[in-house]
Amino acid sequence: MTDRAVSEVLGFALVFGMVVASVAIISVSGLGTLQDVRDAEQTNNAQRAFDVLADNMADIHQRGAPSRATEVSLGSAQLYTGENVTINVTAIDRDTADGNESVERSVRPIVYESDGAQRLVYEGGAVFQVSRDGGFHTVEPPLVARDGRVLVPIVQTRTERVRSVGGSTVLVRANQQSSAVAVSGGQFENVSVTVTSPRWELWQRAFEQTALSECAPDPDAASVTCYLEPGASPDRLYVPVHEIDLTIEL
C-alpha cells in the first residue's frame, strides 16, 4: 500500500509537470506566432492604406480633385511627416544655354513605421516599402514618356513642421493649393531628374524601369541623377508642379 501511494503521487506530479510545461511552451511559442501574425496583418493593412493614399493623391495631381482624405489604422505603429527631400528637373536646350530650364522643389514625405522597423513612405508621388535589408517601390513615380512626349510631375506635398502620431486611427488630409506647368517646350536635347533623399537608391531602381534609365548616383550627397534614354530627345516636355498641403488628424 505504501509503495502504491508513492507511485500515485509521483505519477500525478509527472503528469501535472508535463501539462504545465506543455502549456508554458505553447503559450510562449503561440504568443510569438500570434504577435508575428498581428504584425504581418498590420503591415498588410498599412500597405493597402498607402495604395489608397497614392490613388487619392493621384486624384489631386492627375485629375484635379480639390482635396482627398485617407484613413490609416496605426495600432502600435507611428505615422509622421519626414524631413524634406529635394526633386529637381533640368532640361538643356538643344541650341543655346539661354533656353535651359531647371525646376526644384522641396517635398515632405509621409512615413509609416511599425515596431519591426518596417516603413512605408509616400514621396513625390511614389510609394516605397523599406526594411533593414533594403526596399522597393510599390507605386512607381508618376513619370510618363510616350510618343515623343515626356511628362515629369513634381508632387510637392507640404507641411509647416514635422509631426508624428501613433496608437490610433488617423486621417491624412490632402488639399491642393496650386497646380501649374513650370516647363513646357520641345527644344531640349537632355532631360534629367535629380532626387536627394535617404531613399535615393530606391528612386534609382524605380527610375531605371522607366525612360530615365541612365543614372548617376552620388552616395555622399544621398542623391541620384537619372537621364532620359540616349536619343530620346522629347518633342514636348512638360513639368507640372502640384502643391499639396498635408494635415494629419486624430
# chains A, B, ... in the order shown; residues from 1 in each chain; ligands from 1
>>> residues_around(residues="range 173-175 of chain A", least_positions_apart="5", cutoff="9 Å", atoms="only C-alpha atoms", output="ChimeraX atom specification")
/A:56-57,60,65-71,157,243-249
>>> residues_around(residues="range 80-97 of chain A", least_positions_apart="6", cutoff="7 Å", atoms="only C-alpha atoms", output="list in words")
Val103, Glu104, Arg105, Ser106, Val107, Arg108, Pro109, Ile110, Val111, Tyr112, Val162, Arg163, Ser164, Val165, Gln187, Phe188, Glu189, Asn190, Val191, Ser192, Val193, Thr194, Val195, Thr196 and Ser197 of chain A
>>> atom_distance(atom1="CA of Cys226 in chain A", atom2="CA of Glu214 in chain A")
5.5 Å
>>> atom_distance(atom1="CA of Asp59 in chain A", atom2="CA of Ser114 in chain A")
27.2 Å
>>> residues_around(residues="Thr169 in chain A", least_positions_apart="4", cutoff="12 Å", atoms="only C-alpha atoms", output="NGL selection string")
:A and (45-46 or 49 or 70-79 or 165 or 248-250)
>>> write_last_selection(atoms="N, CA and C atoms", output="tab-separated table (two decimals), in the first residue's frame")
chain	number	residue	atom	x	y	z
A	45	ASN	N	-2.35	45.84	-43.84
A	45	ASN	CA	-3.36	46.90	-43.80
A	45	ASN	C	-2.74	48.26	-44.15
A	46	ALA	N	-1.53	48.50	-43.63
A	46	ALA	CA	-0.85	49.76	-43.93
A	46	ALA	C	-0.51	49.86	-45.42
A	49	ALA	N	-3.57	50.79	-47.18
A	49	ALA	CA	-3.88	52.20	-46.90
A	49	ALA	C	-3.00	53.12	-47.73
A	70	THR	N	-7.48	60.24	-46.41
A	70	THR	CA	-7.18	58.81	-46.35
A	70	THR	C	-7.06	58.37	-44.90
A	71	GLU	N	-7.77	57.32	-44.53
A	71	GLU	CA	-7.74	56.79	-43.17
A	71	GLU	C	-6.66	55.72	-43.05
A	72	VAL	N	-5.83	55.84	-42.03
A	72	VAL	CA	-4.75	54.87	-41.80
A	72	VAL	C	-4.85	54.38	-40.36
A	73	SER	N	-5.00	53.06	-40.18
A	73	SER	CA	-5.03	52.46	-38.85
A	73	SER	C	-3.61	52.14	-38.42
A	74	LEU	N	-3.18	52.67	-37.27
A	74	LEU	CA	-1.79	52.55	-36.87
A	74	LEU	C	-1.53	51.39	-35.91
A	75	GLY	N	-2.45	51.11	-34.98
A	75	GLY	CA	-2.16	50.10	-33.98
A	75	GLY	C	-0.97	50.54	-33.14
A	76	SER	N	0.09	49.74	-33.14
A	76	SER	CA	1.29	50.08	-32.39
A	76	SER	C	2.32	50.82	-33.24
A	77	ALA	N	1.98	51.15	-34.49
A	77	ALA	CA	2.92	51.82	-35.39
A	77	ALA	C	2.82	53.34	-35.24
A	78	GLN	N	3.65	54.05	-35.99
A	78	GLN	CA	3.65	55.51	-35.99
A	78	GLN	C	3.50	56.02	-37.42
A	79	LEU	N	2.87	57.18	-37.54
A	79	LEU	CA	2.79	57.87	-38.83
A	79	LEU	C	3.34	59.27	-38.62
A	165	VAL	N	2.37	60.90	-35.03
A	165	VAL	CA	1.25	60.40	-34.23
A	165	VAL	C	1.34	58.88	-34.18
A	248	ILE	N	-2.48	65.90	-40.61
A	248	ILE	CA	-2.76	64.60	-40.01
A	248	ILE	C	-3.69	64.82	-38.84
A	249	GLU	N	-4.87	64.22	-38.92
A	249	GLU	CA	-5.90	64.44	-37.91
A	249	GLU	C	-6.17	63.16	-37.14
A	250	LEU	N	-6.25	63.26	-35.82
A	250	LEU	CA	-6.58	62.11	-34.98
A	250	LEU	C	-8.08	61.87	-34.97
>>> atom_distance(atom1="CA of Asp220 in chain A", atom2="CA of Gly134 in chain A")
17.9 Å
>>> closest_residue(among="A:Pro240, A:Gly99, A:Gly11, A:Gly135", to="Ser178 in chain A", atoms="only C-alpha atoms")
A:Pro240
>>> closest_residue(among="A:Ser223, A:Thr159, A:Gln204, A:Ser179", to="Gln62 in chain A", atoms="only C-alpha atoms")
A:Ser179
>>> select_by_dssp(residues="range 46-204 of chain A", states="helix (DSSP H, G or I)", output="JSON, numbers by chain")
{"A": [46, 47, 48, 49, 50, 51, 52, 53, 54, 55, 56, 57, 58, 59, 60, 61, 97, 98, 99, 200, 201, 202, 203, 204]}
>>> residues_around(residues="Gly185 in chain A", least_positions_apart="6", cutoff="10 Å", atoms="only C-alpha atoms", output="MDAnalysis selection string")
chainID A and resid 91 93 99 101 149 234:239
>>> write_last_selection(atoms="N, CA and C atoms", output="short mmCIF file (atom, residue, chain, number, x, y, z; two decimals), in the first residue's frame")
data_model
loop_
_atom_site.label_atom_id
_atom_site.label_comp_id
_atom_site.auth_asym_id
_atom_site.auth_seq_id
_atom_site.Cartn_x
_atom_site.Cartn_y
_atom_site.Cartn_z
N ALA A 91 16.36 70.61 -67.86
CA ALA A 91 16.29 70.37 -69.30
C ALA A 91 17.28 71.30 -70.00
N ASP A 93 18.78 73.04 -73.35
CA ASP A 93 18.35 73.46 -74.67
C ASP A 93 19.27 72.87 -75.75
N GLY A 99 18.27 78.86 -73.12
CA GLY A 99 16.96 78.23 -73.03
C GLY A 99 16.88 77.10 -72.02
N GLU A 101 16.29 75.01 -68.70
CA GLU A 101 15.24 75.11 -67.68
C GLU A 101 15.62 74.22 -66.50
N ARG A 149 6.64 62.53 -76.19
CA ARG A 149 6.25 63.48 -75.15
C ARG A 149 6.65 62.94 -73.78
N PRO A 234 12.85 64.65 -76.32
CA PRO A 234 11.40 64.76 -76.44
C PRO A 234 10.95 65.83 -77.43
N ASP A 235 9.85 65.55 -78.12
CA ASP A 235 9.23 66.58 -78.95
C ASP A 235 8.58 67.63 -78.06
N ARG A 236 8.04 67.18 -76.94
CA ARG A 236 7.45 68.09 -75.97
C ARG A 236 7.79 67.61 -74.56
N LEU A 237 8.16 68.57 -73.70
CA LEU A 237 8.45 68.27 -72.30
C LEU A 237 7.52 69.09 -71.41
N TYR A 238 6.91 68.42 -70.45
CA TYR A 238 6.03 69.11 -69.51
C TYR A 238 6.48 68.79 -68.09
N VAL A 239 6.63 69.84 -67.28
CA VAL A 239 6.98 69.66 -65.87
C VAL A 239 5.96 70.43 -65.03
#
>>> closest_residue(among="A:Asp133, A:Asp115, A:Phe16, A:Thr138", to="Gly167 in chain A", atoms="only C-alpha atoms")
A:Asp115
>>> closest_residue(among="A:Val121, A:Ser233, A:Pro198, A:Val144", to="Asp218 in chain A", atoms="only C-alpha atoms")
A:Pro198
>>> closest_residue(among="A:Ala54, A:Val150, A:Ala221, A:Ala126", to="Gly186 in chain A", atoms="only C-alpha atoms")
A:Val150
>>> closest_residue(among="A:Thr210, A:Ser168, A:Ser184, A:Gln176", to="Ala145 in chain A", atoms="only C-alpha atoms")
A:Thr210
>>> decode(residues="range 130-141 of chain A", atoms="all heavy atoms", output="PDB file, in the first residue's frame")
ATOM      1  N   VAL A 130      10.274  49.978 -47.123  1.00  0.00           N
ATOM      2  CA  VAL A 130      11.663  49.969 -46.684  1.00  0.00           C
ATOM      3  C   VAL A 130      11.809  49.086 -45.447  1.00  0.00           C
ATOM      4  O   VAL A 130      10.979  49.132 -44.537  1.00  0.00           O
ATOM      5  CB  VAL A 130      12.149  51.402 -46.341  1.00  0.00           C
ATOM      6  CG1 VAL A 130      13.644  51.405 -46.074  1.00  0.00           C
ATOM      7  CG2 VAL A 130      11.799  52.372 -47.468  1.00  0.00           C
ATOM      8  N   SER A 131      12.871  48.270 -45.434  1.00  0.00           N
ATOM      9  CA  SER A 131      13.204  47.458 -44.264  1.00  0.00           C
ATOM     10  C   SER A 131      14.704  47.545 -44.034  1.00  0.00           C
ATOM     11  O   SER A 131      15.430  48.228 -44.759  1.00  0.00           O
ATOM     12  CB  SER A 131      12.776  46.001 -44.480  1.00  0.00           C
ATOM     13  OG  SER A 131      13.534  45.418 -45.534  1.00  0.00           O
ATOM     14  N   ARG A 132      15.172  46.822 -43.018  1.00  0.00           N
ATOM     15  CA  ARG A 132      16.616  46.846 -42.717  1.00  0.00           C
ATOM     16  C   ARG A 132      17.434  46.281 -43.876  1.00  0.00           C
ATOM     17  O   ARG A 132      18.601  46.645 -44.061  1.00  0.00           O
ATOM     18  CB  ARG A 132      16.902  46.029 -41.445  1.00  0.00           C
ATOM     19  CG  ARG A 132      16.319  46.620 -40.178  1.00  0.00           C
ATOM     20  CD  ARG A 132      16.812  45.851 -38.967  1.00  0.00           C
ATOM     21  NE  ARG A 132      16.246  46.350 -37.713  1.00  0.00           N
ATOM     22  CZ  ARG A 132      15.155  45.874 -37.151  1.00  0.00           C
ATOM     23  NH1 ARG A 132      14.498  44.871 -37.726  1.00  0.00           N
ATOM     24  NH2 ARG A 132      14.707  46.376 -36.018  1.00  0.00           N
ATOM     25  N   ASP A 133      16.842  45.364 -44.638  1.00  0.00           N
ATOM     26  CA  ASP A 133      17.576  44.694 -45.710  1.00  0.00           C
ATOM     27  C   ASP A 133      17.502  45.434 -47.045  1.00  0.00           C
ATOM     28  O   ASP A 133      18.094  44.993 -48.029  1.00  0.00           O
ATOM     29  CB  ASP A 133      17.032  43.269 -45.903  1.00  0.00           C
ATOM     30  CG  ASP A 133      17.180  42.432 -44.646  1.00  0.00           C
ATOM     31  OD1 ASP A 133      18.166  42.656 -43.914  1.00  0.00           O
ATOM     32  OD2 ASP A 133      16.315  41.579 -44.391  1.00  0.00           O
ATOM     33  N   GLY A 134      16.779  46.523 -47.107  1.00  0.00           N
ATOM     34  CA  GLY A 134      16.656  47.250 -48.371  1.00  0.00           C
ATOM     35  C   GLY A 134      15.234  47.733 -48.573  1.00  0.00           C
ATOM     36  O   GLY A 134      14.558  48.142 -47.630  1.00  0.00           O
ATOM     37  N   GLY A 135      14.774  47.663 -49.808  1.00  0.00           N
ATOM     38  CA  GLY A 135      13.413  48.113 -50.084  1.00  0.00           C
ATOM     39  C   GLY A 135      13.102  48.066 -51.562  1.00  0.00           C
ATOM     40  O   GLY A 135      13.929  47.673 -52.399  1.00  0.00           O
ATOM     41  N   PHE A 136      11.895  48.493 -51.896  1.00  0.00           N
ATOM     42  CA  PHE A 136      11.443  48.506 -53.279  1.00  0.00           C
ATOM     43  C   PHE A 136      10.248  49.459 -53.362  1.00  0.00           C
ATOM     44  O   PHE A 136       9.687  49.877 -52.338  1.00  0.00           O
ATOM     45  CB  PHE A 136      11.049  47.103 -53.753  1.00  0.00           C
ATOM     46  CG  PHE A 136      10.046  46.419 -52.864  1.00  0.00           C
ATOM     47  CD1 PHE A 136       8.678  46.524 -53.105  1.00  0.00           C
ATOM     48  CD2 PHE A 136      10.455  45.674 -51.757  1.00  0.00           C
ATOM     49  CE1 PHE A 136       7.755  45.911 -52.277  1.00  0.00           C
ATOM     50  CE2 PHE A 136       9.537  45.050 -50.931  1.00  0.00           C
ATOM     51  CZ  PHE A 136       8.180  45.166 -51.192  1.00  0.00           C
ATOM     52  N   HIS A 137       9.867  49.813 -54.591  1.00  0.00           N
ATOM     53  CA  HIS A 137       8.708  50.685 -54.754  1.00  0.00           C
ATOM     54  C   HIS A 137       7.468  49.839 -55.016  1.00  0.00           C
ATOM     55  O   HIS A 137       7.524  48.838 -55.733  1.00  0.00           O
ATOM     56  CB  HIS A 137       8.923  51.692 -55.895  1.00  0.00           C
ATOM     57  CG  HIS A 137       8.992  51.076 -57.259  1.00  0.00           C
ATOM     58  ND1 HIS A 137      10.155  50.538 -57.792  1.00  0.00           N
ATOM     59  CD2 HIS A 137       8.031  50.923 -58.216  1.00  0.00           C
ATOM     60  CE1 HIS A 137       9.914  50.086 -58.997  1.00  0.00           C
ATOM     61  NE2 HIS A 137       8.631  50.302 -59.281  1.00  0.00           N
ATOM     62  N   THR A 138       6.371  50.225 -54.394  1.00  0.00           N
ATOM     63  CA  THR A 138       5.094  49.568 -54.640  1.00  0.00           C
ATOM     64  C   THR A 138       4.213  50.407 -55.565  1.00  0.00           C
ATOM     65  O   THR A 138       3.310  49.877 -56.191  1.00  0.00           O
ATOM     66  CB  THR A 138       4.341  49.309 -53.316  1.00  0.00           C
ATOM     67  OG1 THR A 138       4.102  50.551 -52.651  1.00  0.00           O
ATOM     68  CG2 THR A 138       5.166  48.418 -52.403  1.00  0.00           C
ATOM     69  N   VAL A 139       4.477  51.703 -55.604  1.00  0.00           N
ATOM     70  CA  VAL A 139       3.840  52.602 -56.580  1.00  0.00           C
ATOM     71  C   VAL A 139       4.955  53.388 -57.245  1.00  0.00           C
ATOM     72  O   VAL A 139       5.750  54.047 -56.566  1.00  0.00           O
ATOM     73  CB  VAL A 139       2.837  53.560 -55.901  1.00  0.00           C
ATOM     74  CG1 VAL A 139       2.266  54.540 -56.926  1.00  0.00           C
ATOM     75  CG2 VAL A 139       1.715  52.785 -55.222  1.00  0.00           C
ATOM     76  N   GLU A 140       5.054  53.313 -58.560  1.00  0.00           N
ATOM     77  CA  GLU A 140       6.169  53.953 -59.252  1.00  0.00           C
ATOM     78  C   GLU A 140       5.963  55.460 -59.369  1.00  0.00           C
ATOM     79  O   GLU A 140       4.838  55.961 -59.265  1.00  0.00           O
ATOM     80  CB  GLU A 140       6.353  53.339 -60.636  1.00  0.00           C
ATOM     81  CG  GLU A 140       5.185  53.537 -61.573  1.00  0.00           C
ATOM     82  CD  GLU A 140       5.384  52.816 -62.888  1.00  0.00           C
ATOM     83  OE1 GLU A 140       6.268  51.945 -62.972  1.00  0.00           O
ATOM     84  OE2 GLU A 140       4.647  53.145 -63.837  1.00  0.00           O
ATOM     85  N   PRO A 141       7.049  56.215 -59.561  1.00  0.00           N
ATOM     86  CA  PRO A 141       6.928  57.668 -59.732  1.00  0.00           C
ATOM     87  C   PRO A 141       6.023  58.005 -60.923  1.00  0.00           C
ATOM     88  O   PRO A 141       6.010  57.274 -61.924  1.00  0.00           O
ATOM     89  CB  PRO A 141       8.371  58.115 -59.988  1.00  0.00           C
ATOM     90  CG  PRO A 141       9.219  57.025 -59.407  1.00  0.00           C
ATOM     91  CD  PRO A 141       8.444  55.755 -59.601  1.00  0.00           C
TER      92      PRO A 141
END
